[in-house]
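Following: one structure in structure tokens, then a few remarks.
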Amino acid sequence: MGQLQKKIDYLTSLQKAIQEKHDLKVYELIDAPRFNKLIKKTNLKPNATALETLVDDLHAQISHYLSHHLIDYLGKTYPFFYYDEVSLGQFKIYFGNWWDRRQFGSLDVINIAFNFNEDEFAKLRTGFELEAEANVTTVIRLPKFPASQLNYKS
């Protein structure tokens, strides 16, 4: 098969995956070596023709397309993060609720990665640690009542 046919087949496969909303296949097609390593747990060498480079100039559009299902999933998994598409395929991450939130970093949809602002991440970590300490302190300070004073009947 000639190089032209390989490129046509690659682009046709990508188009079909997008039309069928097969996001996993899109991820595989745009970065096969990474997909093979992380998902298939194999270390196959990259395709010598580097077909992925055919769509390098389309990463913003591909990121925008892939963001819909990814952000739906992330919203269920991490409900305290909010995402805002600031330009095509570029997303900012916010922590908090819609009226009281702070920018926390960015979301790299193509690589499925959070790029956190280190200062904000440190503040968040400290906040969670303080809250955990406060909860432990509260539990420790609760008075102990004998069961007879609580009207507990077994």
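Going by the structure tokens order, chains are called A, B, ..., each with residues numbered from 1, while ligands are numbered from 1 in the order shown.
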Problem set entry | Spatial neighbours of region 56-71 of chain A, 6 Å, only C-alpha atoms, chain gap at least 3 places, as JSON, numbers by chain | {"A": [53, 74, 75, 88, 89, 109, 110]}
Let's have the selection written as a short mmCIF file (atom, residue, chain, number, x, y, z; two decimals), in the first residue's frame, with C-alpha atoms.
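Ended up saving to result_14.cif:
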```cif
data_model
loop_
_atom_site.label_atom_id
_atom_site.label_comp_id
_atom_site.auth_asym_id
_atom_site.auth_seq_id
_atom_site.Cartn_x
_atom_site.Cartn_y
_atom_site.Cartn_z
CA THR A 53 1.22 14.53 12.28
CA LEU A 74 -14.79 14.65 35.03
CA GLY A 75 -17.83 16.54 36.32
CA LEU A 88 -11.36 26.64 20.89
CA GLY A 89 -10.04 23.52 22.61
CA VAL A 109 -7.96 17.40 26.72
CA ILE A 110 -5.67 15.80 24.12
#
```
For this session: Write out as a PyMOL selection string the residues lying within 12 Å of region 99-107 of chain A, counting only C-alpha atoms and excluding same-chain residues fewer than 5 positions away.
Result: chain A and resi 63-64+66-67+70-71+74+80-87+89-94+112-124
Restrict the selected residues to C-alpha atoms and save them as an mmCIF file, in the first residue's frame.
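Produced file out_7.cif, reproduced below:
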```
data_model
loop_
_atom_site.group_PDB
_atom_site.id
_atom_site.type_symbol
_atom_site.label_atom_id
_atom_site.label_comp_id
_atom_site.auth_asym_id
_atom_site.auth_seq_id
_atom_site.Cartn_x
_atom_site.Cartn_y
_atom_site.Cartn_z
ATOM 1 C CA SER A 63 -9.683 18.934 21.724
ATOM 2 C CA HIS A 64 -13.007 20.765 21.477
ATOM 3 C CA LEU A 66 -13.203 15.329 22.763
ATOM 4 C CA SER A 67 -13.959 17.746 25.607
ATOM 5 C CA LEU A 70 -14.383 14.025 28.982
ATOM 6 C CA ILE A 71 -15.798 17.006 30.886
ATOM 7 C CA LEU A 74 -14.793 14.649 35.032
ATOM 8 C CA PHE A 80 -15.949 20.487 42.682
ATOM 9 C CA PHE A 81 -14.091 21.417 39.467
ATOM 10 C CA TYR A 82 -15.651 23.529 36.725
ATOM 11 C CA TYR A 83 -14.332 23.957 33.199
ATOM 12 C CA ASP A 84 -14.511 26.945 30.883
ATOM 13 C CA GLU A 85 -13.502 26.841 27.235
ATOM 14 C CA VAL A 86 -11.605 30.126 26.908
ATOM 15 C CA SER A 87 -10.755 29.548 23.250
ATOM 16 C CA GLY A 89 -10.040 23.518 22.614
ATOM 17 C CA GLN A 90 -8.419 25.441 25.512
ATOM 18 C CA PHE A 91 -9.961 24.951 28.967
ATOM 19 C CA LYS A 92 -9.446 26.619 32.320
ATOM 20 C CA ILE A 93 -10.212 24.681 35.510
ATOM 21 C CA TYR A 94 -11.981 26.388 38.397
ATOM 22 C CA ILE A 112 -6.130 13.993 29.429
ATOM 23 C CA ALA A 113 -4.113 15.945 31.978
ATOM 24 C CA PHE A 114 -4.750 18.558 34.641
ATOM 25 C CA ASN A 115 -2.161 21.335 34.646
ATOM 26 C CA PHE A 116 -2.603 22.779 38.124
ATOM 27 C CA ASN A 117 -1.384 26.156 39.297
ATOM 28 C CA GLU A 118 1.074 25.080 42.012
ATOM 29 C CA ASP A 119 0.200 27.983 44.361
ATOM 30 C CA GLU A 120 -3.533 27.295 44.151
ATOM 31 C CA PHE A 121 -2.946 23.557 44.545
ATOM 32 C CA ALA A 122 -0.898 24.189 47.711
ATOM 33 C CA LYS A 123 -3.702 26.394 49.109
ATOM 34 C CA LEU A 124 -6.277 23.714 48.363
#
```
Exercise. Can you tell me how far CA of Pro33 (chain A) sits from CA of Met1 (chain A), in Å to one decimal?
Worked result: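 For CA of Pro33 (chain A) relative to CA of Met1 (chain A), the distance reads 21.8 Å.
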For this session: Using DSSP on the backbone coordinates, identify the residues of chain A assigned to helix (DSSP H, G or I); present them as a count of residues only.
Result: 87
Fewer than 2 positions away in the same chain doesn't count, so skip those; otherwise give me all residues within 10 Å of Leu14 (chain A), counting only C-alpha atoms, as a PDB file with N, CA, C and O atoms, in the first residue's frame.
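New file part.pdb:
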```
ATOM      1  N   ILE A   8      -4.819   8.436   3.463  1.00  0.00           N
ATOM      2  CA  ILE A   8      -6.264   8.491   3.216  1.00  0.00           C
ATOM      3  C   ILE A   8      -6.992   7.568   4.193  1.00  0.00           C
ATOM      4  O   ILE A   8      -8.000   7.950   4.795  1.00  0.00           O
ATOM      5  N   ASP A   9      -6.456   6.360   4.384  1.00  0.00           N
ATOM      6  CA  ASP A   9      -7.065   5.407   5.314  1.00  0.00           C
ATOM      7  C   ASP A   9      -7.062   5.953   6.742  1.00  0.00           C
ATOM      8  O   ASP A   9      -8.047   5.812   7.473  1.00  0.00           O
ATOM      9  N   TYR A  10      -5.955   6.572   7.136  1.00  0.00           N
ATOM     10  CA  TYR A  10      -5.857   7.147   8.477  1.00  0.00           C
ATOM     11  C   TYR A  10      -6.908   8.234   8.672  1.00  0.00           C
ATOM     12  O   TYR A  10      -7.646   8.237   9.659  1.00  0.00           O
ATOM     13  N   LEU A  11      -6.991   9.164   7.723  1.00  0.00           N
ATOM     14  CA  LEU A  11      -7.957  10.257   7.842  1.00  0.00           C
ATOM     15  C   LEU A  11      -9.393   9.738   7.787  1.00  0.00           C
ATOM     16  O   LEU A  11     -10.270  10.249   8.493  1.00  0.00           O
ATOM     17  N   THR A  12      -9.625   8.703   6.987  1.00  0.00           N
ATOM     18  CA  THR A  12     -10.958   8.097   6.918  1.00  0.00           C
ATOM     19  C   THR A  12     -11.311   7.445   8.258  1.00  0.00           C
ATOM     20  O   THR A  12     -12.439   7.583   8.739  1.00  0.00           O
ATOM     21  N   LYS A  16     -14.386   8.563  10.629  1.00  0.00           N
ATOM     22  CA  LYS A  16     -15.393   7.581  11.042  1.00  0.00           C
ATOM     23  C   LYS A  16     -15.520   7.549  12.571  1.00  0.00           C
ATOM     24  O   LYS A  16     -16.632   7.504  13.105  1.00  0.00           O
ATOM     25  N   ALA A  17     -14.388   7.578  13.274  1.00  0.00           N
ATOM     26  CA  ALA A  17     -14.409   7.559  14.746  1.00  0.00           C
ATOM     27  C   ALA A  17     -15.146   8.779  15.278  1.00  0.00           C
ATOM     28  O   ALA A  17     -15.926   8.679  16.229  1.00  0.00           O
ATOM     29  N   ILE A  18     -14.933   9.930  14.685  1.00  0.00           N
ATOM     30  CA  ILE A  18     -15.616  11.154  15.117  1.00  0.00           C
ATOM     31  C   ILE A  18     -17.105  11.067  14.802  1.00  0.00           C
ATOM     32  O   ILE A  18     -17.941  11.382  15.651  1.00  0.00           O
ATOM     33  N   GLN A  19     -17.448  10.631  13.603  1.00  0.00           N
ATOM     34  CA  GLN A  19     -18.857  10.518  13.228  1.00  0.00           C
ATOM     35  C   GLN A  19     -19.607   9.536  14.127  1.00  0.00           C
ATOM     36  O   GLN A  19     -20.766   9.758  14.459  1.00  0.00           O
ATOM     37  N   GLU A  20     -18.930   8.474  14.540  1.00  0.00           N
ATOM     38  CA  GLU A  20     -19.561   7.459  15.388  1.00  0.00           C
ATOM     39  C   GLU A  20     -19.403   7.766  16.876  1.00  0.00           C
ATOM     40  O   GLU A  20     -19.793   6.965  17.720  1.00  0.00           O
ATOM     41  N   HIS A  22     -16.790   7.781  18.743  1.00  0.00           N
ATOM     42  CA  HIS A  22     -15.932   6.764  19.353  1.00  0.00           C
ATOM     43  C   HIS A  22     -14.653   7.458  19.831  1.00  0.00           C
ATOM     44  O   HIS A  22     -13.600   7.368  19.202  1.00  0.00           O
ATOM     45  N   ASP A  23     -14.767   8.147  20.984  1.00  0.00           N
ATOM     46  CA  ASP A  23     -13.671   8.965  21.495  1.00  0.00           C
ATOM     47  C   ASP A  23     -12.400   8.161  21.747  1.00  0.00           C
ATOM     48  O   ASP A  23     -11.295   8.637  21.491  1.00  0.00           O
ATOM     49  N   LYS A  25     -11.249   5.633  20.182  1.00  0.00           N
ATOM     50  CA  LYS A  25     -10.574   5.415  18.898  1.00  0.00           C
ATOM     51  C   LYS A  25      -9.890   6.704  18.431  1.00  0.00           C
ATOM     52  O   LYS A  25      -8.782   6.657  17.884  1.00  0.00           O
ATOM     53  N   VAL A  26     -10.518   7.848  18.676  1.00  0.00           N
ATOM     54  CA  VAL A  26      -9.891   9.124  18.306  1.00  0.00           C
ATOM     55  C   VAL A  26      -8.586   9.294  19.073  1.00  0.00           C
ATOM     56  O   VAL A  26      -7.549   9.645  18.497  1.00  0.00           O
ATOM     57  N   TYR A  27      -8.625   9.028  20.375  1.00  0.00           N
ATOM     58  CA  TYR A  27      -7.395   9.129  21.174  1.00  0.00           C
ATOM     59  C   TYR A  27      -6.312   8.196  20.634  1.00  0.00           C
ATOM     60  O   TYR A  27      -5.144   8.552  20.558  1.00  0.00           O
ATOM     61  N   GLU A  28      -6.712   6.996  20.271  1.00  0.00           N
ATOM     62  CA  GLU A  28      -5.741   6.040  19.722  1.00  0.00           C
ATOM     63  C   GLU A  28      -5.146   6.554  18.414  1.00  0.00           C
ATOM     64  O   GLU A  28      -3.935   6.461  18.194  1.00  0.00           O
ATOM     65  N   LEU A  29      -5.979   7.130  17.571  1.00  0.00           N
ATOM     66  CA  LEU A  29      -5.494   7.595  16.273  1.00  0.00           C
ATOM     67  C   LEU A  29      -4.604   8.835  16.369  1.00  0.00           C
ATOM     68  O   LEU A  29      -3.682   8.991  15.573  1.00  0.00           O
ATOM     69  N   ILE A  30      -4.856   9.707  17.331  1.00  0.00           N
ATOM     70  CA  ILE A  30      -4.057  10.940  17.387  1.00  0.00           C
ATOM     71  C   ILE A  30      -2.741  10.769  18.153  1.00  0.00           C
ATOM     72  O   ILE A  30      -1.839  11.595  18.025  1.00  0.00           O
ATOM     73  N   VAL A  55      -2.723  15.596  11.471  1.00  0.00           N
ATOM     74  CA  VAL A  55      -3.755  16.401  12.133  1.00  0.00           C
ATOM     75  C   VAL A  55      -3.182  17.313  13.218  1.00  0.00           C
ATOM     76  O   VAL A  55      -3.925  17.838  14.045  1.00  0.00           O
TER      77      VAL A  55
END
```
Problem set entry | Those in region 28-132 of chain A with strand (DSSP E) from DSSP, as a PyMOL selection string | chain A and resi 81-87+90-96+101-108+113-116
